[in-house]
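**Student:** Before I ask anything, here is the structure I am working with.
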Amino acid sequence: MPRRTRPEVKLDYDAAWKWLITTFLRLLMELLYPDVAADIAWERGFTFLEEEMNQVSRGLRPRKGAVDKLVQFWLRDGAAVVVLVHIEFQAQKQELFPLRMRVYQSRIFDKHRVEVYSLGILGDDDPNWRPTEHGWERWGMGTLVRFRVAKLLDLERDLRESAGKGDLLATMFCFHLDTFGRGSRAADWLTWKLQVTRGLYDRGFARDQIDDLMVFLDWLVVLPPPEAQQYEAEVHEMSKGKLEELYSPWERKVVARLGPQLREELTPLVRDEVTQQVTQQVTQQVTQQVTTEVTQEVTRQVLAQTLLMLLRQKFPHFPQALEARVEAVQAPEALNALLLTAMRVGSTADFEKELTDPAAG
């Protein structure tokens, strides 16, 4: 039997950028497209149209290296029309990218009959590739679709400078740029990931910012199990005495999905609950016995409170009856699924349709 080789390091650009765009959309728009962000009525909210994006991308979405997001915005000028902005992240040079932008825009317009604009984020390593249009012309006739792109390589100097000053998104973008040309040896990636993580503590980032940066880093660079375990152990030592060590990597990702504002409200709740539970432990043996139960209960409470905060923020008149049903859900897996549902749906009615019977959870 041939010897099985150890899995290589996985660079999961898709998962990392999907999380980044979903969590920090406004900050991302303000950094890369400030003129567009200035025209958006952020106070009216926005909606990710995941199902619609899945429909228009059929047959065109690459297997990897690209993230598509369709977002519904209102404009500050009071326009009655809702503008759909198609945001595309591309991690590798792809000749079909301009065609895909064109077809997406056409399909979205056919479905919604409103203004559609396409924005691209190019995260590739080719300094000469920056497509901005797709079309043709002959015999005095033709058609042209234009779109805008922000290329991280073009912005690298400014991003490095901003990252040095503690800018959160610029630091994440630099993580992405630093993955270019690093080879595939797991030991080298472990060393790099540890150096980067130590730098976050040394540079004085706030706790919630370190959480966000480590979540993005965890999504971006997936180490094989032995190196992943070593990384978690060393990070545990770095963060000794801090609240972060009470979170597992999975819990960090769940809480971080909703961004810094909601997590600021959650942190006291988690800290108080954990403190209350832990102070009841009088011996090491008892501590070991109850740790699993405490962690599960705290995780359930964190997920439930996070879900309710998101729903109240997204739907100011969220019904109390639905709140009671959410609070009755016991299974963390069901609450996690409802979090993803809440981020996707556009109305309380849509959320209620997907809210499972708490007794079943």
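Every chain in the structure tokens has a letter given in the order shown (A, B, ...), and although residue numbers restart at 1 in each chain, ligands are simply numbered from 1 in the order shown.
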DSSP on the backbone: which residues in region 52-250 of chain A end up as alpha helix (DSSP H)? Give the answer as a PyMOL selection string.

**Tutor:** chain A and resi 52-56+97-112+156-164+168-177+186-202+207-220+225-238+249-250

**Student:** Please provide as a list in words all residues within 10 Å of Glu115 (chain A), with the sequence filter that same-chain residues fewer than 2 positions apart are discarded (counting only C-alpha atoms).

**Tutor:**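 The residues that qualify are Val81, Val82, Val83, Leu84, Val85, Gln105, Ile108, Phe109, His112, Arg113 and Tyr117 of chain A.
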
**Student:** Since we have the selection now, will you write its residues out, keeping C-alpha atoms, as a PDB file, in the first residue's frame?

**Tutor:**
ATOM      1  CA  VAL A  81     -35.280  52.464  -6.355  1.00  0.00           C
ATOM      2  CA  VAL A  82     -33.229  49.946  -4.455  1.00  0.00           C
ATOM      3  CA  VAL A  83     -29.739  49.617  -5.895  1.00  0.00           C
ATOM      4  CA  LEU A  84     -28.260  46.124  -5.991  1.00  0.00           C
ATOM      5  CA  VAL A  85     -24.484  46.143  -5.714  1.00  0.00           C
ATOM      6  CA  GLN A 105     -25.148  41.990 -13.957  1.00  0.00           C
ATOM      7  CA  ILE A 108     -29.623  40.405 -11.805  1.00  0.00           C
ATOM      8  CA  PHE A 109     -31.239  43.157 -13.881  1.00  0.00           C
ATOM      9  CA  HIS A 112     -35.118  42.706 -10.349  1.00  0.00           C
ATOM     10  CA  ARG A 113     -35.409  45.443 -13.006  1.00  0.00           C
ATOM     11  CA  TYR A 117     -23.599  48.000 -10.165  1.00  0.00           C
TER      12      TYR A 117
END

**Student:** Could you list, as a ChimeraX atom specification, every residue within 6 Å of region 87-89 of chain A, counting only C-alpha atoms and ignoring same-chain residues fewer than 4 positions away?

**Tutor:** /A:66-69,118-121

**Student:** Write out as a PDB file with N, CA and C atoms, in the first residue's frame all residues of region 36-237 of chain A that backbone DSSP assigns to strand (DSSP E or B).

**Tutor:**
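Output below, filename states_28.pdb:
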ATOM      1  N   ILE A  40     -24.611  55.614   0.307  1.00  0.00           N
ATOM      2  CA  ILE A  40     -25.495  54.581   0.851  1.00  0.00           C
ATOM      3  C   ILE A  40     -26.115  55.046   2.162  1.00  0.00           C
ATOM      4  N   THR A  47     -29.320  44.241   2.864  1.00  0.00           N
ATOM      5  CA  THR A  47     -29.669  42.826   2.863  1.00  0.00           C
ATOM      6  C   THR A  47     -28.779  42.064   1.890  1.00  0.00           C
ATOM      7  N   PHE A  48     -28.193  40.974   2.367  1.00  0.00           N
ATOM      8  CA  PHE A  48     -27.471  40.070   1.479  1.00  0.00           C
ATOM      9  C   PHE A  48     -28.484  39.137   0.818  1.00  0.00           C
ATOM     10  N   ALA A  66     -12.980  32.544  -5.629  1.00  0.00           N
ATOM     11  CA  ALA A  66     -13.874  33.670  -5.884  1.00  0.00           C
ATOM     12  C   ALA A  66     -15.018  33.638  -4.882  1.00  0.00           C
ATOM     13  N   VAL A  67     -15.443  34.826  -4.474  1.00  0.00           N
ATOM     14  CA  VAL A  67     -16.587  34.979  -3.574  1.00  0.00           C
ATOM     15  C   VAL A  67     -17.529  35.996  -4.193  1.00  0.00           C
ATOM     16  N   ASP A  68     -18.788  35.625  -4.331  1.00  0.00           N
ATOM     17  CA  ASP A  68     -19.797  36.523  -4.897  1.00  0.00           C
ATOM     18  C   ASP A  68     -20.767  36.945  -3.801  1.00  0.00           C
ATOM     19  N   LYS A  69     -21.095  38.219  -3.758  1.00  0.00           N
ATOM     20  CA  LYS A  69     -22.102  38.719  -2.825  1.00  0.00           C
ATOM     21  C   LYS A  69     -22.995  39.725  -3.553  1.00  0.00           C
ATOM     22  N   LEU A  70     -24.297  39.573  -3.364  1.00  0.00           N
ATOM     23  CA  LEU A  70     -25.268  40.507  -3.917  1.00  0.00           C
ATOM     24  C   LEU A  70     -25.934  41.205  -2.741  1.00  0.00           C
ATOM     25  N   VAL A  71     -25.849  42.546  -2.721  1.00  0.00           N
ATOM     26  CA  VAL A  71     -26.329  43.311  -1.574  1.00  0.00           C
ATOM     27  C   VAL A  71     -27.357  44.337  -2.035  1.00  0.00           C
ATOM     28  N   GLN A  72     -28.434  44.455  -1.281  1.00  0.00           N
ATOM     29  CA  GLN A  72     -29.492  45.413  -1.573  1.00  0.00           C
ATOM     30  C   GLN A  72     -29.328  46.619  -0.654  1.00  0.00           C
ATOM     31  N   PHE A  73     -29.149  47.807  -1.251  1.00  0.00           N
ATOM     32  CA  PHE A  73     -28.947  49.049  -0.509  1.00  0.00           C
ATOM     33  C   PHE A  73     -30.034  50.067  -0.845  1.00  0.00           C
ATOM     34  N   LEU A  75     -30.270  54.386  -1.120  1.00  0.00           N
ATOM     35  CA  LEU A  75     -29.359  55.516  -1.314  1.00  0.00           C
ATOM     36  C   LEU A  75     -29.773  56.710  -0.463  1.00  0.00           C
ATOM     37  N   VAL A  83     -30.886  49.924  -5.053  1.00  0.00           N
ATOM     38  CA  VAL A  83     -29.739  49.617  -5.895  1.00  0.00           C
ATOM     39  C   VAL A  83     -29.108  48.320  -5.411  1.00  0.00           C
ATOM     40  N   LEU A  84     -28.915  47.385  -6.312  1.00  0.00           N
ATOM     41  CA  LEU A  84     -28.260  46.124  -5.991  1.00  0.00           C
ATOM     42  C   LEU A  84     -26.798  46.226  -6.401  1.00  0.00           C
ATOM     43  N   VAL A  85     -25.914  46.077  -5.434  1.00  0.00           N
ATOM     44  CA  VAL A  85     -24.484  46.143  -5.714  1.00  0.00           C
ATOM     45  C   VAL A  85     -23.919  44.732  -5.673  1.00  0.00           C
ATOM     46  N   HIS A  86     -23.353  44.324  -6.786  1.00  0.00           N
ATOM     47  CA  HIS A  86     -22.744  42.998  -6.872  1.00  0.00           C
ATOM     48  C   HIS A  86     -21.267  43.126  -6.531  1.00  0.00           C
ATOM     49  N   ILE A  87     -20.852  42.479  -5.451  1.00  0.00           N
ATOM     50  CA  ILE A  87     -19.463  42.529  -4.988  1.00  0.00           C
ATOM     51  C   ILE A  87     -18.809  41.189  -5.273  1.00  0.00           C
ATOM     52  N   GLU A  88     -17.679  41.227  -5.929  1.00  0.00           N
ATOM     53  CA  GLU A  88     -16.982  39.998  -6.301  1.00  0.00           C
ATOM     54  C   GLU A  88     -15.544  40.054  -5.817  1.00  0.00           C
ATOM     55  N   PHE A  89     -15.112  39.043  -5.067  1.00  0.00           N
ATOM     56  CA  PHE A  89     -13.710  38.926  -4.689  1.00  0.00           C
ATOM     57  C   PHE A  89     -13.058  37.842  -5.532  1.00  0.00           C
ATOM     58  N   GLN A  90     -11.906  38.146  -6.115  1.00  0.00           N
ATOM     59  CA  GLN A  90     -11.211  37.208  -6.992  1.00  0.00           C
ATOM     60  C   GLN A  90      -9.773  37.041  -6.503  1.00  0.00           C
ATOM     61  N   VAL A 116     -28.193  48.090 -11.256  1.00  0.00           N
ATOM     62  CA  VAL A 116     -27.241  47.105 -10.763  1.00  0.00           C
ATOM     63  C   VAL A 116     -25.829  47.617 -11.033  1.00  0.00           C
ATOM     64  N   TYR A 117     -24.985  47.567 -10.009  1.00  0.00           N
ATOM     65  CA  TYR A 117     -23.599  48.000 -10.165  1.00  0.00           C
ATOM     66  C   TYR A 117     -22.687  46.908  -9.630  1.00  0.00           C
ATOM     67  N   SER A 118     -21.576  46.705 -10.308  1.00  0.00           N
ATOM     68  CA  SER A 118     -20.666  45.618  -9.960  1.00  0.00           C
ATOM     69  C   SER A 118     -19.331  46.164  -9.478  1.00  0.00           C
ATOM     70  N   LEU A 119     -18.915  45.692  -8.327  1.00  0.00           N
ATOM     71  CA  LEU A 119     -17.634  46.068  -7.739  1.00  0.00           C
ATOM     72  C   LEU A 119     -16.792  44.816  -7.573  1.00  0.00           C
ATOM     73  N   GLY A 120     -15.526  44.896  -7.921  1.00  0.00           N
ATOM     74  CA  GLY A 120     -14.631  43.752  -7.782  1.00  0.00           C
ATOM     75  C   GLY A 120     -13.499  44.053  -6.827  1.00  0.00           C
ATOM     76  N   ILE A 121     -13.055  43.037  -6.117  1.00  0.00           N
ATOM     77  CA  ILE A 121     -11.861  43.128  -5.274  1.00  0.00           C
ATOM     78  C   ILE A 121     -10.890  42.091  -5.802  1.00  0.00           C
ATOM     79  N   LEU A 122      -9.770  42.514  -6.329  1.00  0.00           N
ATOM     80  CA  LEU A 122      -8.795  41.612  -6.919  1.00  0.00           C
ATOM     81  C   LEU A 122      -7.705  41.305  -5.901  1.00  0.00           C
ATOM     82  N   GLU A 133     -14.010  45.980 -17.791  1.00  0.00           N
ATOM     83  CA  GLU A 133     -15.161  46.020 -18.701  1.00  0.00           C
ATOM     84  C   GLU A 133     -15.229  44.727 -19.529  1.00  0.00           C
ATOM     85  N   HIS A 134     -16.390  44.545 -20.145  1.00  0.00           N
ATOM     86  CA  HIS A 134     -16.564  43.435 -21.080  1.00  0.00           C
ATOM     87  C   HIS A 134     -17.542  43.888 -22.163  1.00  0.00           C
ATOM     88  N   GLY A 135     -17.177  43.683 -23.429  1.00  0.00           N
ATOM     89  CA  GLY A 135     -18.075  44.082 -24.503  1.00  0.00           C
ATOM     90  C   GLY A 135     -17.465  43.833 -25.863  1.00  0.00           C
ATOM     91  N   TRP A 136     -18.165  44.301 -26.883  1.00  0.00           N
ATOM     92  CA  TRP A 136     -17.701  44.153 -28.261  1.00  0.00           C
ATOM     93  C   TRP A 136     -18.314  45.260 -29.117  1.00  0.00           C
ATOM     94  N   GLU A 137     -17.686  45.496 -30.267  1.00  0.00           N
ATOM     95  CA  GLU A 137     -18.179  46.537 -31.182  1.00  0.00           C
ATOM     96  C   GLU A 137     -17.801  46.167 -32.607  1.00  0.00           C
ATOM     97  N   ARG A 138     -18.768  46.376 -33.541  1.00  0.00           N
ATOM     98  CA  ARG A 138     -18.508  46.140 -34.967  1.00  0.00           C
ATOM     99  C   ARG A 138     -19.595  46.859 -35.773  1.00  0.00           C
ATOM    100  N   MET A 141     -21.840  49.322 -34.157  1.00  0.00           N
ATOM    101  CA  MET A 141     -22.744  48.814 -33.121  1.00  0.00           C
ATOM    102  C   MET A 141     -21.924  48.079 -32.067  1.00  0.00           C
ATOM    103  N   GLY A 142     -22.539  47.856 -30.946  1.00  0.00           N
ATOM    104  CA  GLY A 142     -21.848  47.089 -29.909  1.00  0.00           C
ATOM    105  C   GLY A 142     -22.493  47.249 -28.553  1.00  0.00           C
ATOM    106  N   THR A 143     -21.878  46.662 -27.582  1.00  0.00           N
ATOM    107  CA  THR A 143     -22.381  46.729 -26.214  1.00  0.00           C
ATOM    108  C   THR A 143     -21.191  46.670 -25.262  1.00  0.00           C
ATOM    109  N   LEU A 144     -21.336  47.344 -24.132  1.00  0.00           N
ATOM    110  CA  LEU A 144     -20.232  47.412 -23.179  1.00  0.00           C
ATOM    111  C   LEU A 144     -20.791  47.454 -21.762  1.00  0.00           C
ATOM    112  N   VAL A 145     -20.252  46.615 -20.920  1.00  0.00           N
ATOM    113  CA  VAL A 145     -20.589  46.631 -19.490  1.00  0.00           C
ATOM    114  C   VAL A 145     -19.322  46.977 -18.724  1.00  0.00           C
ATOM    115  N   ARG A 146     -19.405  47.995 -17.904  1.00  0.00           N
ATOM    116  CA  ARG A 146     -18.249  48.433 -17.123  1.00  0.00           C
ATOM    117  C   ARG A 146     -18.460  48.101 -15.648  1.00  0.00           C
ATOM    118  N   ARG A 148     -16.126  48.322 -11.631  1.00  0.00           N
ATOM    119  CA  ARG A 148     -14.952  48.869 -10.940  1.00  0.00           C
ATOM    120  C   ARG A 148     -14.257  47.776 -10.155  1.00  0.00           C
ATOM    121  N   VAL A 149     -12.943  47.886 -10.053  1.00  0.00           N
ATOM    122  CA  VAL A 149     -12.178  46.928  -9.262  1.00  0.00           C
ATOM    123  C   VAL A 149     -11.219  47.690  -8.341  1.00  0.00           C
ATOM    124  N   ALA A 150     -10.994  47.118  -7.180  1.00  0.00           N
ATOM    125  CA  ALA A 150      -9.949  47.579  -6.263  1.00  0.00           C
ATOM    126  C   ALA A 150      -8.944  46.447  -6.151  1.00  0.00           C
ATOM    127  N   LYS A 151      -7.713  46.713  -6.529  1.00  0.00           N
ATOM    128  CA  LYS A 151      -6.681  45.670  -6.553  1.00  0.00           C
ATOM    129  C   LYS A 151      -5.770  45.840  -5.340  1.00  0.00           C
ATOM    130  N   VAL A 221      -5.644  30.532   6.644  1.00  0.00           N
ATOM    131  CA  VAL A 221      -4.566  29.544   6.657  1.00  0.00           C
ATOM    132  C   VAL A 221      -4.981  28.385   7.545  1.00  0.00           C
ATOM    133  N   VAL A 222      -5.303  27.247   6.928  1.00  0.00           N
ATOM    134  CA  VAL A 222      -5.759  26.064   7.660  1.00  0.00           C
ATOM    135  C   VAL A 222      -4.591  25.082   7.752  1.00  0.00           C
TER     136      VAL A 222
END

**Student:** Neighbours of Glu234 (chain A) within 9 Å (only C-alpha atoms; same-chain residues fewer than 5 positions away dropped), as a ChimeraX atom specification?

**Tutor:** /A:194,229,239

**Student:** With only C-alpha atoms as the counted atoms, please give the residues lying no more than 6 Å from region 172-186 of chain A, apart from itself and same-chain residues fewer than 3 positions off, as a ChimeraX atom specification.

**Tutor:** /A:9,169,189

**Student:** Pick out the closest residue to Val56 (chain A) from this set: A:Glu30, A:Asp110, A:Asp126, A:Glu354. Count only C-alpha atoms.

**Tutor:**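 Checking each of A:Glu30, A:Asp110, A:Asp126, A:Glu354 against Val56 (chain A), counting only C-alpha atoms, the winner is A:Asp110.
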
**Student:** Between A:Ala334, A:Ala170, A:Leu355, A:Leu339, which has the minimum distance to Leu31 (chain A) (counting only C-alpha atoms)?

**Tutor:**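 The closest residue to Leu31 (chain A) is A:Ala170.
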
**Student:** Find the residue from A:Leu99, A:Glu8, A:Ala91, A:Asp158 that sits nearest to Asp125 (chain A); use only C-alpha atoms when measuring.

**Tutor:** A:Ala91

**Student:** Take CA of Leu28 (chain A) and CA of Tyr104 (chain A) and report the distance between them in Å, one decimal.

**Tutor:** 21.4 Å

**Student:** Would you please work out which residue, of A:Leu11, A:Val103, A:Ala38, A:Ile210, is nearest to Met53 (chain A) when using only C-alpha atoms?

**Tutor:**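 Checking each candidate against Met53 (chain A), we get A:Val103 as the closest.
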